$ cat work.cif   # mmCIF, C-alpha atoms
data_input
loop_
_atom_site.group_PDB
_atom_site.id
_atom_site.type_symbol
_atom_site.label_atom_id
_atom_site.label_comp_id
_atom_site.auth_asym_id
_atom_site.auth_seq_id
_atom_site.Cartn_x
_atom_site.Cartn_y
_atom_site.Cartn_z
ATOM 1 C CA ARG U 1 191.832 164.353 -66.140
ATOM 2 C CA GLY U 2 190.356 167.576 -67.554
ATOM 3 C CA GLU U 3 189.471 170.634 -65.573
ATOM 4 C CA GLU U 4 185.767 171.310 -65.109
ATOM 5 C CA PRO U 5 184.453 174.358 -66.934
ATOM 6 C CA PRO U 6 183.396 177.306 -64.767
ATOM 7 C CA PRO U 7 179.711 177.544 -63.875
ATOM 8 C CA THR U 8 177.575 179.236 -66.492
ATOM 9 C CA ALA U 9 175.397 182.281 -65.926
ATOM 10 C CA SER U 10 172.435 179.874 -66.072
ATOM 11 C CA ALA U 11 173.863 177.886 -63.164
ATOM 12 C CA PHE U 12 174.315 181.080 -61.157
ATOM 13 C CA ASN U 13 170.764 182.139 -62.032
ATOM 14 C CA ALA U 14 169.396 178.836 -60.736
ATOM 15 C CA ALA U 15 171.361 179.210 -57.499
ATOM 16 C CA ILE U 16 170.246 182.836 -57.055
ATOM 17 C CA SER U 17 166.647 181.815 -57.678
ATOM 18 C CA SER U 18 166.959 179.076 -55.051
ATOM 19 C CA CYS U 19 168.247 181.655 -52.574
ATOM 20 C CA GLU U 20 165.266 183.881 -53.388
ATOM 21 C CA LYS U 21 162.836 181.048 -52.775
ATOM 22 C CA GLY U 22 164.591 180.254 -49.491
ATOM 23 C CA HIS U 23 164.416 183.888 -48.355
ATOM 24 C CA GLN U 24 168.222 184.161 -48.395
ATOM 25 C CA TRP U 25 168.627 187.605 -49.952
ATOM 26 C CA ALA U 26 172.207 188.084 -48.715
ATOM 27 C CA ALA U 27 173.326 184.800 -50.290
ATOM 28 C CA ALA U 28 171.588 185.767 -53.543
ATOM 29 C CA VAL U 29 173.418 189.102 -53.591
ATOM 30 C CA ALA U 30 176.734 187.348 -52.853
ATOM 31 C CA LEU U 31 176.201 184.968 -55.782
ATOM 32 C CA PHE U 32 175.239 187.870 -58.036
ATOM 33 C CA GLU U 33 178.389 189.721 -56.946
ATOM 34 C CA HIS U 34 180.496 186.667 -57.745
ATOM 35 C CA LEU U 35 178.896 186.440 -61.186
ATOM 36 C CA ARG U 36 179.430 190.167 -61.737
ATOM 37 C CA GLN U 37 183.097 189.991 -60.704
ATOM 38 C CA ARG U 38 183.672 186.985 -62.927
ATOM 39 C CA CYS U 39 182.777 189.087 -65.916
ATOM 40 C CA ARG U 40 182.551 192.789 -65.147
ATOM 41 C CA LEU U 41 179.720 194.278 -67.164
ATOM 42 C CA PRO U 42 180.751 197.259 -69.304
ATOM 43 C CA ASN U 43 178.648 200.390 -69.349
ATOM 44 C CA ALA U 44 177.397 201.631 -72.737
ATOM 45 C CA ALA U 45 180.445 203.839 -73.454
ATOM 46 C CA GLU U 46 182.909 201.125 -72.446
ATOM 47 C CA ALA U 47 181.107 198.552 -74.577
ATOM 48 C CA GLU U 48 181.308 200.790 -77.635
ATOM 49 C CA ALA U 49 185.029 201.399 -77.132
ATOM 50 C CA GLU U 50 185.627 197.700 -76.412
ATOM 51 C CA ALA U 51 183.822 196.616 -79.558
ATOM 52 C CA GLU U 52 186.639 198.043 -81.651
ATOM 53 C CA THR U 53 189.557 196.564 -79.696
ATOM 54 C CA ALA U 54 188.452 193.583 -77.612
ATOM 55 C CA PRO U 55 189.257 190.044 -78.804
ATOM 56 C CA ILE U 56 185.844 188.947 -77.446
ATOM 57 C CA PRO U 57 182.923 191.135 -78.494
ATOM 58 C CA ALA U 58 181.205 192.869 -75.581
ATOM 59 C CA ALA U 59 177.926 191.106 -76.385
ATOM 60 C CA ALA U 60 179.621 187.698 -76.078
ATOM 61 C CA ALA U 61 181.393 188.713 -72.856
ATOM 62 C CA ALA U 62 178.098 189.916 -71.383
ATOM 63 C CA ARG U 63 176.630 186.410 -71.867
ATOM 64 C CA LEU U 64 179.246 185.169 -69.405
ATOM 65 C CA GLY U 65 178.067 187.628 -66.757
ATOM 66 C CA PRO U 66 174.736 188.669 -65.270
ATOM 67 C CA ASP U 67 171.753 188.796 -67.603
ATOM 68 C CA VAL U 68 168.203 190.013 -67.079
ATOM 69 C CA VAL U 69 167.350 186.744 -65.310
ATOM 70 C CA SER U 70 170.252 187.274 -62.879
ATOM 71 C CA PHE U 71 169.092 190.793 -62.116
ATOM 72 C CA ASN U 72 165.448 189.748 -61.753
ATOM 73 C CA ALA U 73 166.183 186.832 -59.424
ATOM 74 C CA THR U 74 168.515 188.900 -57.246
ATOM 75 C CA MET U 75 166.077 191.816 -57.113
ATOM 76 C CA SER U 76 163.278 189.421 -56.185
ATOM 77 C CA ALA U 77 165.421 188.015 -53.353
ATOM 78 C CA CYS U 78 166.068 191.562 -52.144
ATOM 79 C CA GLU U 79 162.356 192.349 -52.287
ATOM 80 C CA ARG U 80 161.552 189.248 -50.215
ATOM 81 C CA GLY U 81 164.181 190.327 -47.714
ATOM 82 C CA SER U 82 162.676 193.831 -47.449
ATOM 83 C CA GLN U 83 165.801 195.281 -49.067
ATOM 84 C CA TRP U 84 164.069 197.781 -51.354
ATOM 85 C CA ALA U 85 167.151 200.007 -51.692
ATOM 86 C CA ALA U 86 169.258 197.058 -52.871
ATOM 87 C CA ALA U 87 166.586 196.150 -55.438
ATOM 88 C CA LEU U 88 166.579 199.733 -56.737
ATOM 89 C CA SER U 89 170.372 199.726 -56.909
ATOM 90 C CA LEU U 90 170.264 196.579 -59.044
ATOM 91 C CA LEU U 91 167.675 198.132 -61.349
ATOM 92 C CA LYS U 92 169.917 201.161 -61.758
ATOM 93 C CA GLU U 93 172.901 198.923 -62.520
ATOM 94 C CA ALA U 94 170.927 196.938 -65.086
ATOM 95 C CA ARG U 95 169.902 200.154 -66.828
ATOM 96 C CA GLN U 96 173.518 201.404 -66.865
ATOM 97 C CA THR U 97 174.830 198.220 -68.465
ATOM 98 C CA GLN U 98 173.804 196.418 -71.608
ATOM 99 C CA VAL U 99 171.159 194.427 -69.711
ATOM 100 C CA LEU U 100 167.697 195.639 -70.686
ATOM 101 C CA PRO U 101 165.165 195.551 -67.852
ATOM 102 C CA ASP U 102 161.876 193.881 -68.701
ATOM 103 C CA VAL U 103 158.386 194.107 -67.222
ATOM 104 C CA PHE U 104 159.352 191.677 -64.453
ATOM 105 C CA THR U 105 162.429 193.756 -63.536
ATOM 106 C CA PHE U 106 160.330 196.876 -63.091
ATOM 107 C CA SER U 107 157.475 195.018 -61.361
ATOM 108 C CA VAL U 108 159.840 193.557 -58.756
ATOM 109 C CA ALA U 109 161.374 196.996 -58.126
ATOM 110 C CA ILE U 110 157.907 198.562 -57.804
ATOM 111 C CA HIS U 111 156.832 195.859 -55.363
ATOM 112 C CA ALA U 112 160.077 196.192 -53.375
ATOM 113 C CA CYS U 113 159.480 199.932 -52.993
ATOM 114 C CA GLY U 114 155.925 199.278 -51.829
ATOM 115 C CA THR U 115 157.189 196.764 -49.282
ATOM 116 C CA GLY U 116 159.600 199.441 -48.089
ATOM 117 C CA HIS U 117 156.734 201.934 -47.726
ATOM 118 C CA ARG U 118 158.084 204.006 -50.624
ATOM 119 C CA TRP U 119 154.883 204.496 -52.605
ATOM 120 C CA ASP U 120 156.436 207.530 -54.295
ATOM 121 C CA CYS U 121 159.275 205.396 -55.693
ATOM 122 C CA SER U 122 156.765 202.763 -56.835
ATOM 123 C CA LEU U 123 154.831 205.395 -58.721
ATOM 124 C CA ALA U 124 157.980 206.916 -60.249
ATOM 125 C CA LEU U 125 159.117 203.500 -61.486
ATOM 126 C CA LEU U 126 155.714 202.773 -63.000
ATOM 127 C CA ARG U 127 155.914 206.074 -64.876
ATOM 128 C CA GLN U 128 159.464 205.300 -66.068
ATOM 129 C CA MET U 129 158.456 202.027 -67.705
ATOM 130 C CA PRO U 130 157.178 203.518 -70.989
ATOM 131 C CA LEU U 131 160.318 205.680 -71.199
ATOM 132 C CA ALA U 132 162.342 202.453 -70.995
ATOM 133 C CA ARG U 133 160.126 200.975 -73.731
ATOM 134 C CA VAL U 134 158.565 198.518 -71.295
ATOM 135 C CA ALA U 135 154.783 198.330 -71.224
ATOM 136 C CA PRO U 136 153.466 198.238 -67.660
ATOM 137 C CA GLY U 137 151.360 195.174 -67.012
ATOM 138 C CA VAL U 138 148.780 194.302 -64.407
ATOM 139 C CA VAL U 139 151.448 193.116 -61.927
ATOM 140 C CA ALA U 140 153.220 196.494 -62.076
ATOM 141 C CA TYR U 141 149.904 198.313 -61.586
ATOM 142 C CA ASN U 142 148.940 195.964 -58.740
ATOM 143 C CA SER U 143 152.243 196.573 -56.976
ATOM 144 C CA ALA U 144 152.014 200.353 -57.350
ATOM 145 C CA THR U 145 148.363 200.410 -56.257
ATOM 146 C CA SER U 146 149.171 198.227 -53.236
ATOM 147 C CA ALA U 147 152.010 200.596 -52.304
ATOM 148 C CA CYS U 148 149.544 203.501 -52.410
ATOM 149 C CA GLU U 149 147.050 201.499 -50.356
ATOM 150 C CA LYS U 150 149.642 200.828 -47.623
ATOM 151 C CA ALA U 151 150.431 204.558 -47.509
ATOM 152 C CA ALA U 152 146.740 205.584 -47.508
ATOM 153 C CA GLN U 153 147.220 207.439 -50.799
ATOM 154 C CA TRP U 154 143.662 206.842 -51.971
ATOM 155 C CA ALA U 155 143.615 209.589 -54.605
ATOM 156 C CA VAL U 156 146.766 208.223 -56.253
ATOM 157 C CA ALA U 157 145.373 204.671 -56.107
ATOM 158 C CA ILE U 158 142.243 205.826 -57.978
ATOM 159 C CA GLU U 159 144.437 207.647 -60.533
ATOM 160 C CA LEU U 160 146.309 204.381 -61.092
ATOM 161 C CA LEU U 161 143.046 202.627 -61.933
ATOM 162 C CA ASP U 162 142.389 205.317 -64.560
ATOM 163 C CA SER U 163 145.950 204.996 -65.878
ATOM 164 C CA ALA U 164 145.575 201.240 -66.202
ATOM 165 C CA VAL U 165 142.463 201.721 -68.335
ATOM 166 C CA ARG U 166 144.264 204.314 -70.504
ATOM 167 C CA ASP U 167 147.199 201.895 -70.913
ATOM 168 C CA SER U 168 144.792 199.100 -71.923
ATOM 169 C CA VAL U 169 145.755 197.087 -68.842
ATOM 170 C CA GLN U 170 142.935 194.946 -67.517
ATOM 171 C CA ALA U 171 142.710 195.767 -63.814
ATOM 172 C CA ASP U 172 142.027 192.621 -61.817
ATOM 173 C CA GLN U 173 140.586 191.908 -58.392
ATOM 174 C CA THR U 174 143.910 192.697 -56.693
ATOM 175 C CA THR U 175 144.071 196.134 -58.316
ATOM 176 C CA CYS U 176 140.507 196.989 -57.403
ATOM 177 C CA ASN U 177 140.799 195.667 -53.846
ATOM 178 C CA ALA U 178 143.954 197.707 -53.217
ATOM 179 C CA ALA U 179 142.257 200.875 -54.521
ATOM 180 C CA ILE U 180 139.139 200.240 -52.425
ATOM 181 C CA SER U 181 141.250 199.527 -49.346
ATOM 182 C CA ALA U 182 143.195 202.766 -49.894
ATOM 183 C CA CYS U 183 139.893 204.672 -49.897
ATOM 184 C CA GLU U 184 138.918 203.084 -46.579
ATOM 185 C CA LYS U 185 142.039 204.366 -44.810
#
$ encode --input "work.cif" --output "structure tokens"
Amino acid sequence: RGEEPPPTASAFNAAISSCEKGHQWAAAVALFEHLRQRCRLPNAAEAEAEAETAPIPAAAAARLGPDVVSFNATMSACERGSQWAAALSLLKEARQTQVLPDVFTFSVAIHACGTGHRWDCSLALLRQMPLARVAPGVVAYNSATSACEKAAQWAVAIELLDSAVRDSVQADQTTCNAAISACEK
């Protein structure tokens, strides 16, 4: 009888996502850690050096470990569990490895910071998105504006509405309501 193959990154991603939906952030992080340990992600310098000597190319090895979906699901679980610092740590790790954060990655981190009453971090992340070649979308703007609303930063919330227009992002009812609510505080 043959041995079963190890679970794929996709299987881990599904399990992490289930933990996120069940508000089990610690279990999601534990699964992510197991996936990470199974195939340690190289940083950019290590990947370049490995490419010349490794029997398995770094890009192929990375497919065995965490991908952007793994990071996003784990960060989302952390956000739901009010673990904004853990979500930021995962974003930092993603950026230091060969995993490229996407708009969802940044949006979850922005929302996590807002949940943690760190409107300044939310704003900083929103401003970092173009530098990472990720166009901020309405969800990122909504999360940053909501963070400013919770902190009664009405002037910053209004600036975000202007920024959204400049970035050709269609502000929606959530964006406008958060800005209006910030002005009321």
$ atom_distance --input "work.cif" --atom1 "atom CA of Gly114 of chain U" --atom2 "atom CA of Val134 of chain U"
19.7 Å
$ resolve_selection --input "work.cif" --expression "the PyMOL selection byres ((chain U and resi 156) around 12)" --output "ChimeraX atom specification"
/U:119-120,122-124,141,144-155,157-163,178-180,182-183
$ resolve_selection --input "work.cif" --expression "the PyMOL selection byres ((chain U and resi 116) around 8)" --output "list in words"
Ser82, Gln83, Trp84, Ala112, Cys113, Gly114, Thr115, His117 and Arg118 of chain U
$ residues_around --input "work.cif" --residues "segment 7-13 of chain U" --least-positions-apart "4" --cutoff "10 Å" --atoms "all atoms listed in the file" --output "MDAnalysis selection string"
chainID U and resid 17:19 28 31:32 34:36 38 62:74
$ atom_distance --input "work.cif" --atom1 "atom CA of Ser181 of chain U" --atom2 "atom CA of Asp167 of chain U"
22.5 Å
$ atom_distance --input "work.cif" --atom1 "atom CA of Asn142 of chain U" --atom2 "atom CA of Ala171 of chain U"
8.0 Å
$ resolve_selection --input "work.cif" --expression "the PyMOL selection byres ((chain U and resi 101) around 9)" --output "ChimeraX atom specification"
/U:68,71-72,91,94-95,99-100,102-106,132,134
$ residues_around --input "work.cif" --residues "Leu125 of chain U" --least-positions-apart "4" --cutoff "7 Å" --atoms "only C-alpha atoms" --output "PDB file with C-alpha atoms, keeping the file's coordinate frame"
ATOM      1  CA  PHE U 106     160.330 196.876 -63.091  1.00  0.00           C
ATOM      2  CA  ILE U 110     157.907 198.562 -57.804  1.00  0.00           C
ATOM      3  CA  CYS U 121     159.275 205.396 -55.693  1.00  0.00           C
ATOM      4  CA  MET U 129     158.456 202.027 -67.705  1.00  0.00           C
TER       5      MET U 129
END
$ residues_around --input "work.cif" --residues "Trp25 of chain U" --least-positions-apart "2" --cutoff "7 Å" --atoms "only C-alpha atoms" --output "PyMOL selection string"
chain U and resi 19-20+23+27-29+77-78+81
$ decode --input "work.cif" --residues "segment 141-176 of chain U" --atoms "N, CA, C and O atoms" --output "JSON list (two decimals), in the first residue's frame"
[["chain", "number", "residue", "atom", "x", "y", "z"],
["U", 141, "TYR", "N", -9.42, 51.89, 0.58],
["U", 141, "TYR", "CA", -9.83, 53.24, 0.99],
["U", 141, "TYR", "C", -10.91, 53.19, 2.08],
["U", 141, "TYR", "O", -10.88, 53.97, 3.02],
["U", 142, "ASN", "N", -11.86, 52.27, 1.94],
["U", 142, "ASN", "CA", -12.90, 52.14, 2.97],
["U", 142, "ASN", "C", -12.30, 51.80, 4.33],
["U", 142, "ASN", "O", -12.68, 52.37, 5.35],
["U", 143, "SER", "N", -11.36, 50.86, 4.32],
["U", 143, "SER", "CA", -10.74, 50.43, 5.57],
["U", 143, "SER", "C", -9.94, 51.56, 6.21],
["U", 143, "SER", "O", -10.02, 51.78, 7.43],
["U", 144, "ALA", "N", -9.19, 52.29, 5.41],
["U", 144, "ALA", "CA", -8.41, 53.41, 5.94],
["U", 144, "ALA", "C", -9.32, 54.53, 6.43],
["U", 144, "ALA", "O", -9.08, 55.12, 7.50],
["U", 145, "THR", "N", -10.37, 54.82, 5.69],
["U", 145, "THR", "CA", -11.31, 55.88, 6.09],
["U", 145, "THR", "C", -12.04, 55.48, 7.37],
["U", 145, "THR", "O", -12.22, 56.30, 8.28],
["U", 146, "SER", "N", -12.42, 54.22, 7.48],
["U", 146, "SER", "CA", -13.07, 53.73, 8.70],
["U", 146, "SER", "C", -12.13, 53.82, 9.90],
["U", 146, "SER", "O", -12.56, 54.14, 11.01],
["U", 147, "ALA", "N", -10.85, 53.53, 9.68],
["U", 147, "ALA", "CA", -9.87, 53.64, 10.77],
["U", 147, "ALA", "C", -9.78, 55.09, 11.24],
["U", 147, "ALA", "O", -9.72, 55.35, 12.46],
["U", 148, "CYS", "N", -9.79, 56.02, 10.30],
["U", 148, "CYS", "CA", -9.76, 57.45, 10.66],
["U", 148, "CYS", "C", -11.04, 57.86, 11.37],
["U", 148, "CYS", "O", -11.00, 58.65, 12.32],
["U", 149, "GLU", "N", -12.16, 57.31, 10.94],
["U", 149, "GLU", "CA", -13.44, 57.62, 11.58],
["U", 149, "GLU", "C", -13.44, 57.16, 13.03],
["U", 149, "GLU", "O", -13.83, 57.91, 13.93],
["U", 150, "LYS", "N", -12.94, 55.94, 13.29],
["U", 150, "LYS", "CA", -12.90, 55.42, 14.67],
["U", 150, "LYS", "C", -12.01, 56.28, 15.56],
["U", 150, "LYS", "O", -12.25, 56.39, 16.76],
["U", 151, "ALA", "N", -10.98, 56.88, 14.96],
["U", 151, "ALA", "CA", -10.03, 57.70, 15.74],
["U", 151, "ALA", "C", -10.39, 59.18, 15.71],
["U", 151, "ALA", "O", -9.60, 60.02, 16.18],
["U", 152, "ALA", "N", -11.55, 59.52, 15.15],
["U", 152, "ALA", "CA", -12.00, 60.91, 15.04],
["U", 152, "ALA", "C", -11.01, 61.78, 14.28],
["U", 152, "ALA", "O", -10.83, 62.96, 14.59],
["U", 153, "GLN", "N", -10.39, 61.23, 13.27],
["U", 153, "GLN", "CA", -9.44, 61.96, 12.42],
["U", 153, "GLN", "C", -10.19, 62.45, 11.18],
["U", 153, "GLN", "O", -9.96, 61.99, 10.06],
["U", 154, "TRP", "N", -11.09, 63.41, 11.39],
["U", 154, "TRP", "CA", -11.97, 63.85, 10.32],
["U", 154, "TRP", "C", -11.21, 64.48, 9.16],
["U", 154, "TRP", "O", -11.56, 64.27, 8.00],
["U", 155, "ALA", "N", -10.18, 65.25, 9.45],
["U", 155, "ALA", "CA", -9.43, 65.92, 8.37],
["U", 155, "ALA", "C", -8.74, 64.89, 7.48],
["U", 155, "ALA", "O", -8.73, 65.02, 6.24],
["U", 156, "VAL", "N", -8.20, 63.85, 8.08],
["U", 156, "VAL", "CA", -7.53, 62.80, 7.30],
["U", 156, "VAL", "C", -8.56, 62.02, 6.49],
["U", 156, "VAL", "O", -8.31, 61.66, 5.33],
["U", 157, "ALA", "N", -9.74, 61.77, 7.08],
["U", 157, "ALA", "CA", -10.80, 61.05, 6.37],
["U", 157, "ALA", "C", -11.22, 61.82, 5.12],
["U", 157, "ALA", "O", -11.42, 61.22, 4.05],
["U", 158, "ILE", "N", -11.33, 63.14, 5.23],
["U", 158, "ILE", "CA", -11.69, 63.97, 4.07],
["U", 158, "ILE", "C", -10.57, 63.93, 3.02],
["U", 158, "ILE", "O", -10.83, 63.84, 1.82],
["U", 159, "GLU", "N", -9.31, 63.99, 3.48],
["U", 159, "GLU", "CA", -8.17, 63.86, 2.56],
["U", 159, "GLU", "C", -8.22, 62.54, 1.80],
["U", 159, "GLU", "O", -7.87, 62.50, 0.61],
["U", 160, "LEU", "N", -8.63, 61.48, 2.48],
["U", 160, "LEU", "CA", -8.72, 60.17, 1.82],
["U", 160, "LEU", "C", -9.77, 60.17, 0.72],
["U", 160, "LEU", "O", -9.57, 59.54, -0.33],
["U", 161, "LEU", "N", -10.87, 60.88, 0.93],
["U", 161, "LEU", "CA", -11.87, 61.01, -0.14],
["U", 161, "LEU", "C", -11.25, 61.68, -1.36],
["U", 161, "LEU", "O", -11.46, 61.25, -2.50],
["U", 162, "ASP", "N", -10.49, 62.75, -1.13],
["U", 162, "ASP", "CA", -9.80, 63.44, -2.24],
["U", 162, "ASP", "C", -8.80, 62.51, -2.92],
["U", 162, "ASP", "O", -8.71, 62.47, -4.15],
["U", 163, "SER", "N", -8.05, 61.76, -2.12],
["U", 163, "SER", "CA", -7.06, 60.83, -2.68],
["U", 163, "SER", "C", -7.72, 59.76, -3.53],
["U", 163, "SER", "O", -7.20, 59.39, -4.59],
["U", 164, "ALA", "N", -8.87, 59.28, -3.07],
["U", 164, "ALA", "CA", -9.58, 58.26, -3.85],
["U", 164, "ALA", "C", -9.96, 58.81, -5.22],
["U", 164, "ALA", "O", -9.77, 58.12, -6.24],
["U", 165, "VAL", "N", -10.44, 60.03, -5.25],
["U", 165, "VAL", "CA", -10.80, 60.66, -6.53],
["U", 165, "VAL", "C", -9.57, 60.79, -7.42],
["U", 165, "VAL", "O", -9.61, 60.45, -8.61],
["U", 166, "ARG", "N", -8.45, 61.25, -6.84],
["U", 166, "ARG", "CA", -7.20, 61.39, -7.61],
["U", 166, "ARG", "C", -6.71, 60.04, -8.15],
["U", 166, "ARG", "O", -6.13, 59.97, -9.22],
["U", 167, "ASP", "N", -6.94, 58.97, -7.37],
["U", 167, "ASP", "CA", -6.51, 57.63, -7.78],
["U", 167, "ASP", "C", -7.55, 56.93, -8.66],
["U", 167, "ASP", "O", -7.42, 55.75, -8.95],
["U", 168, "SER", "N", -8.57, 57.66, -9.06],
["U", 168, "SER", "CA", -9.65, 57.12, -9.90],
["U", 168, "SER", "C", -10.37, 55.94, -9.23],
["U", 168, "SER", "O", -10.79, 55.00, -9.89],
["U", 169, "VAL", "N", -10.48, 56.01, -7.91],
["U", 169, "VAL", "CA", -11.22, 55.00, -7.16],
["U", 169, "VAL", "C", -12.60, 55.56, -6.87],
["U", 169, "VAL", "O", -12.72, 56.66, -6.33],
["U", 170, "GLN", "N", -13.61, 54.83, -7.24],
["U", 170, "GLN", "CA", -14.99, 55.27, -7.03],
["U", 170, "GLN", "C", -15.37, 55.07, -5.57],
["U", 170, "GLN", "O", -15.59, 53.94, -5.14],
["U", 171, "ALA", "N", -15.40, 56.15, -4.81],
["U", 171, "ALA", "CA", -15.82, 56.07, -3.41],
["U", 171, "ALA", "C", -17.26, 55.59, -3.38],
["U", 171, "ALA", "O", -18.09, 56.01, -4.17],
["U", 172, "ASP", "N", -17.55, 54.68, -2.44],
["U", 172, "ASP", "CA", -18.92, 54.18, -2.33],
["U", 172, "ASP", "C", -19.58, 54.69, -1.05],
["U", 172, "ASP", "O", -19.02, 55.56, -0.36],
["U", 173, "GLN", "N", -20.73, 54.17, -0.75],
["U", 173, "GLN", "CA", -21.48, 54.62, 0.41],
["U", 173, "GLN", "C", -20.69, 54.41, 1.70],
["U", 173, "GLN", "O", -20.72, 55.26, 2.60],
["U", 174, "THR", "N", -19.97, 53.32, 1.80],
["U", 174, "THR", "CA", -19.17, 53.03, 3.00],
["U", 174, "THR", "C", -18.10, 54.10, 3.20],
["U", 174, "THR", "O", -17.91, 54.59, 4.32],
["U", 175, "THR", "N", -17.42, 54.47, 2.13],
["U", 175, "THR", "CA", -16.38, 55.49, 2.21],
["U", 175, "THR", "C", -16.97, 56.81, 2.68],
["U", 175, "THR", "O", -16.43, 57.44, 3.61],
["U", 176, "CYS", "N", -18.03, 57.21, 2.04],
["U", 176, "CYS", "CA", -18.66, 58.50, 2.37],
["U", 176, "CYS", "C", -19.22, 58.50, 3.79],
["U", 176, "CYS", "O", -19.05, 59.48, 4.53]]
